[in-house]
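Novice: Below is one structure. I have some questions about it.
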Amino acid sequence: MADQFSSSVEFGLNLSKRIYHGKGSAPAPVPAMSRSPEGYLPSAPMCYAVISEPETVDNPDIRSYQPYVLGRCEPPALIPLQLHGVAMEVECCLDTAFVTVTGRWRVHCVTASSACDCQLAIPMGEQGSLLGVEVDDSGRSYHTEFISLKDEKDKQKVAKAKDGYFLKSQIYTIKIPQFKGGSIFSVKIRWSQKILFHDGEFSLNVPFCFPSYTIPVGRKISKKEKIFLKVNSGAATEVLCKATSHPLKGLMRQAGKLSLSYEAEVQAWSSTDFSFSYTVSSSDLVGGVLLQSPFLRDFDEREIFCMYLYPGNSQDRKVFKKDVVFIVDMSASMKGSPLENTKNALLASLSQLNAQDKFNIIAFSGEVYLMSPAMEAATEEAISNAAKWVETTFNANGGTNIMLPLTQVILSC
């Protein structure tokens, strides 16, 4: 599927060479496709014109009077649209980043008397999860909705969801219907992704590398690029910036919080991913619960909570005896790498327990599965038995009822 998408983009770029951009104007040369069949996959949020009738391809402002093209494009060609402005907001909360990218796109490749569907492609960072898409086209608007198959009325919407799918891991694409040639529309995309932690340093990488063929040609416009970054470490200590890909300026600095921004009028759009790394210095144990309310205009109204604990930097603190209950979601949404990654993390955590510690594992979907009716001492034999239980029990299927395992934990305490 990814290689077909990439081939359609290559075909679309070749087809767009028919477009006349005016005297003295020419688009940036298209880079040669790599040997990989996925050479034209998006490296930033992108919009494409879906072209089935090649005769509709032309400048909506200046007719080029190219020779008539016979036939149809099967599968349809994908011509990358021109980007007229982009802004990104990133909110880092503990180990998760909430990303919002807003872009203005112009259908520069279709005659003013024609219209076409557009394809939106969204590459996301580590363990990315799409939260929502909003599209505004001069009075018309669209937005995504979360569909629950338990609700009978929502089953009628499932057929409409067929135009959205993953090209490959972390790249989602969705079709948006009918835009007129020459029109400009805005797209707001929201997703979450994980912040990596290694050797005491947090690091974030967001796909934000736009190819040269998204730069507007022919019409002189102001190209503004904006980035706003907000960090909430959850600890009441200073956040120290270590490295950044873009020249960010400080807006606010408080204990455990940091706000930075970047805004510039550019000749070309960002040609590198947005990356940022930072440290949180603390010698004390810090913990708490983070509650994330739904975003403004979040039609799904999904709330998020996270319990966190920083161990601190002190190497002399005595390790206390622990009673640990691992609660693992193995519903259908965890199928594939999410559940495999969870297994690996769980087994790694078990290996770090001391002999005087006790543990138990509760897996859940629509039902609850207990490894043991009581807490187990973390002996080598118990950990080995737990690993076997995990391998035989962890199969992703069913719904998600988190109240069942939480109630079980409360009753066993």
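Residue numbering restarts at 1 in every chain; chains get A, B, ... in the order shown in the structure tokens, and ligands count up from 1 in that same order.
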Which of range 149-294 of chain A end up as strand (DSSP E or B) when DSSP is run on this backbone - answer as a ChimeraX atom specification?
Specialist: /A:164-168,171-180,184-194,196-198,201-206,209,224-232,239-244,249-254,257-265,271,274-280,286-292
Novice: If you count only C-alpha atoms, which residues fall within 8 Å of range 361-369 of chain A, apart from same-chain ones fewer than 4 positions away, as a ChimeraX atom specification?
Specialist: /A:325-332,394,397-402,404-405
Novice: Using only C-alpha atoms, determine which residues lie at most 9 Å from Val50 in chain A, disregarding the query and same-chain residues fewer than 6 positions distant; provide the list as a short mmCIF file (atom, residue, chain, number, x, y, z; two decimals) with N, CA, C and O atoms, in the first residue's frame.
Specialist:
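Result saved to part_2.cif:
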data_model
loop_
_atom_site.label_atom_id
_atom_site.label_comp_id
_atom_site.auth_asym_id
_atom_site.auth_seq_id
_atom_site.Cartn_x
_atom_site.Cartn_y
_atom_site.Cartn_z
N GLY A 12 2.09 11.80 -10.06
CA GLY A 12 1.48 13.13 -9.93
C GLY A 12 2.48 14.24 -10.15
O GLY A 12 2.17 15.26 -10.80
N PRO A 76 -5.48 6.63 -9.24
CA PRO A 76 -5.35 8.07 -9.41
C PRO A 76 -3.95 8.58 -9.06
O PRO A 76 -3.28 8.05 -8.16
N ALA A 77 -3.52 9.62 -9.79
CA ALA A 77 -2.26 10.28 -9.47
C ALA A 77 -2.47 11.19 -8.25
O ALA A 77 -3.58 11.66 -7.99
N LEU A 78 -1.40 11.42 -7.50
CA LEU A 78 -1.45 12.30 -6.33
C LEU A 78 -0.47 13.44 -6.54
O LEU A 78 0.75 13.21 -6.59
N ILE A 79 -0.98 14.65 -6.70
CA ILE A 79 -0.12 15.83 -6.88
C ILE A 79 -0.03 16.57 -5.55
O ILE A 79 -1.04 17.02 -5.02
N CYS A 116 -11.62 18.48 -7.37
CA CYS A 116 -11.00 17.17 -7.11
C CYS A 116 -11.08 16.85 -5.62
O CYS A 116 -11.23 17.74 -4.78
N ASP A 117 -11.00 15.55 -5.30
CA ASP A 117 -10.82 15.14 -3.91
C ASP A 117 -9.38 15.43 -3.51
O ASP A 117 -8.49 15.55 -4.36
N CYS A 118 -9.14 15.52 -2.22
CA CYS A 118 -7.78 15.70 -1.72
C CYS A 118 -7.47 14.60 -0.70
O CYS A 118 -8.35 14.16 0.04
N GLN A 119 -6.22 14.18 -0.69
CA GLN A 119 -5.74 13.15 0.23
C GLN A 119 -4.85 13.79 1.27
O GLN A 119 -3.90 14.52 0.92
N LYS A 175 -9.15 10.72 2.99
CA LYS A 175 -9.59 11.47 1.82
C LYS A 175 -10.61 12.54 2.24
O LYS A 175 -11.48 12.30 3.06
#
Novice: Using only C-alpha atoms, which of A:Asp273, A:Gly234, A:Thr96, A:Tyr142 sits nearest Gln193 in chain A?
Specialist: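 The shortest atom-to-atom distance to Gln193 in chain A comes from A:Thr96.
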Novice: Excluding range 91-95 of chain A and any residue of its chain fewer than 4 positions from it, enumerate the residues within 7 Å of it, using only C-alpha atoms, and give them as a PDB file with N, CA and C atoms, in the first residue's frame.
Specialist:
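Done, and the output landed in out_29.pdb:
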ATOM      1  N   VAL A  99       0.482  17.109  19.844  1.00  0.00           N
ATOM      2  CA  VAL A  99       0.921  17.918  18.702  1.00  0.00           C
ATOM      3  C   VAL A  99      -0.296  18.403  17.917  1.00  0.00           C
ATOM      4  N   LYS A 194       4.859   9.622  21.929  1.00  0.00           N
ATOM      5  CA  LYS A 194       5.655   9.427  23.130  1.00  0.00           C
ATOM      6  C   LYS A 194       6.932  10.271  23.104  1.00  0.00           C
ATOM      7  N   ILE A 195       7.309  10.756  24.278  1.00  0.00           N
ATOM      8  CA  ILE A 195       8.599  11.408  24.470  1.00  0.00           C
ATOM      9  C   ILE A 195       9.568  10.343  24.984  1.00  0.00           C
ATOM     10  N   LEU A 229       6.083  25.737  21.712  1.00  0.00           N
ATOM     11  CA  LEU A 229       6.389  24.557  22.533  1.00  0.00           C
ATOM     12  C   LEU A 229       6.137  24.859  23.999  1.00  0.00           C
ATOM     13  N   LYS A 230       5.424  23.944  24.646  1.00  0.00           N
ATOM     14  CA  LYS A 230       5.147  24.068  26.075  1.00  0.00           C
ATOM     15  C   LYS A 230       5.533  22.767  26.762  1.00  0.00           C
ATOM     16  N   VAL A 231       6.334  22.866  27.817  1.00  0.00           N
ATOM     17  CA  VAL A 231       6.801  21.679  28.543  1.00  0.00           C
ATOM     18  C   VAL A 231       6.285  21.743  29.973  1.00  0.00           C
ATOM     19  N   ASN A 232       5.649  20.659  30.415  1.00  0.00           N
ATOM     20  CA  ASN A 232       5.227  20.500  31.806  1.00  0.00           C
ATOM     21  C   ASN A 232       5.819  19.190  32.295  1.00  0.00           C
ATOM     22  N   SER A 233       6.902  19.279  33.060  1.00  0.00           N
ATOM     23  CA  SER A 233       7.630  18.069  33.478  1.00  0.00           C
ATOM     24  C   SER A 233       6.927  17.323  34.598  1.00  0.00           C
ATOM     25  N   GLY A 234       6.037  17.999  35.330  1.00  0.00           N
ATOM     26  CA  GLY A 234       5.387  17.361  36.473  1.00  0.00           C
ATOM     27  C   GLY A 234       6.194  17.447  37.742  1.00  0.00           C
TER      28      GLY A 234
END
Novice: Go through A:Thr244, A:Asn341, A:Ser169, A:Thr111 one by one, measure the shortest atom-to-atom distance of each to Phe274 in chain A using only C-alpha atoms, and give the residue with the smallest value.
Specialist: A:Thr244
Novice: Near Ser270 in chain A, within 10 Å and counting only C-alpha atoms, which residues show up once chain neighbours fewer than 3 positions away are dropped, as a list in words?
Specialist: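 Counting only C-alpha atoms, the residues come to Ala44, Val86, Phe208, Cys209, Phe210, Pro211, Ser212, Glu225, His246, Val266, Gln267, Asp273 and Phe274 of chain A.
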Novice: Could you please take those selected residues and save C-alpha atoms as a CSV table (one decimal), in the first residue's frame?
Specialist:
chain,number,residue,atom,x,y,z
A,44,ALA,CA,5.5,16.1,7.3
A,86,VAL,CA,2.0,26.4,8.7
A,208,PHE,CA,8.1,18.5,10.1
A,209,CYS,CA,10.3,18.2,7.0
A,210,PHE,CA,8.5,19.6,3.9
A,211,PRO,CA,9.7,18.7,0.4
A,212,SER,CA,10.6,21.6,-1.9
A,225,GLU,CA,6.2,29.3,9.8
A,246,HIS,CA,14.8,25.3,15.3
A,266,VAL,CA,10.8,32.0,5.3
A,267,GLN,CA,11.8,31.5,1.7
A,273,ASP,CA,12.0,17.4,11.6
A,274,PHE,CA,11.3,19.3,14.8
Novice: One decimal, Å: what's the distance from CA of Leu339 in chain A over to CA of Gln4 in chain A, could you say?
Specialist: 28.5 Å
Novice: Show me, as a VMD selection string, the residues that have an atom within 6 Å of range 135-140 of chain A when counting only C-alpha atoms, minus same-chain residues fewer than 4 positions from it.
Specialist: chain A and resid 185 to 187
Novice: Can you check which residues of range 4-238 of chain A DSSP gives as alpha helix (DSSP H) on the backbone and send them as an mmCIF file with N, CA and C atoms, in the first residue's frame?
Specialist:
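Below is the file result-v4.cif, written as the result:
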data_model
loop_
_atom_site.group_PDB
_atom_site.id
_atom_site.type_symbol
_atom_site.label_atom_id
_atom_site.label_comp_id
_atom_site.auth_asym_id
_atom_site.auth_seq_id
_atom_site.Cartn_x
_atom_site.Cartn_y
_atom_site.Cartn_z
ATOM 1 N N GLN A 4 2.485 1.783 -3.433
ATOM 2 C CA GLN A 4 1.512 2.286 -4.411
ATOM 3 C C GLN A 4 1.279 3.778 -4.208
ATOM 4 N N PHE A 5 1.171 4.203 -2.958
ATOM 5 C CA PHE A 5 1.002 5.625 -2.647
ATOM 6 C C PHE A 5 2.191 6.413 -3.177
ATOM 7 N N SER A 6 3.384 5.920 -2.911
ATOM 8 C CA SER A 6 4.599 6.602 -3.352
ATOM 9 C C SER A 6 4.667 6.693 -4.875
ATOM 10 N N SER A 7 4.278 5.625 -5.548
ATOM 11 C CA SER A 7 4.280 5.631 -7.019
ATOM 12 C C SER A 7 3.259 6.623 -7.567
ATOM 13 N N SER A 8 2.097 6.737 -6.883
ATOM 14 C CA SER A 8 1.070 7.690 -7.312
ATOM 15 C C SER A 8 1.567 9.127 -7.169
ATOM 16 N N VAL A 9 2.366 9.388 -6.120
ATOM 17 C CA VAL A 9 2.934 10.723 -5.943
ATOM 18 C C VAL A 9 3.960 11.013 -7.040
ATOM 19 N N GLU A 10 4.791 10.025 -7.349
ATOM 20 C CA GLU A 10 5.772 10.212 -8.417
ATOM 21 C C GLU A 10 5.068 10.506 -9.744
ATOM 22 N N PHE A 11 3.997 9.767 -10.045
ATOM 23 C CA PHE A 11 3.216 9.991 -11.257
ATOM 24 C C PHE A 11 2.612 11.396 -11.239
ATOM 25 N N GLY A 12 2.090 11.802 -10.064
ATOM 26 C CA GLY A 12 1.484 13.127 -9.932
ATOM 27 C C GLY A 12 2.484 14.244 -10.153
ATOM 28 N N LEU A 13 3.695 14.085 -9.657
ATOM 29 C CA LEU A 13 4.730 15.101 -9.849
ATOM 30 C C LEU A 13 5.106 15.222 -11.327
ATOM 31 N N ASN A 14 5.164 14.100 -12.006
ATOM 32 C CA ASN A 14 5.444 14.144 -13.451
ATOM 33 C C ASN A 14 4.285 14.794 -14.211
ATOM 34 N N LEU A 15 3.055 14.491 -13.796
ATOM 35 C CA LEU A 15 1.882 15.067 -14.441
ATOM 36 C C LEU A 15 1.825 16.583 -14.223
#
Novice: Just give me the gap between CA of Ser277 in chain A and CA of Ser259 in chain A in Å, one decimal is fine.
Specialist: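 These two atoms are separated by 13.5 Å.
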Novice: May I ask for the distance between CA of Ala115 in chain A and CA of Gln170 in chain A, given in Å to one decimal place?
Specialist: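 Computed distance, CA of Ala115 in chain A to CA of Gln170 in chain A, equals 29.6 Å.
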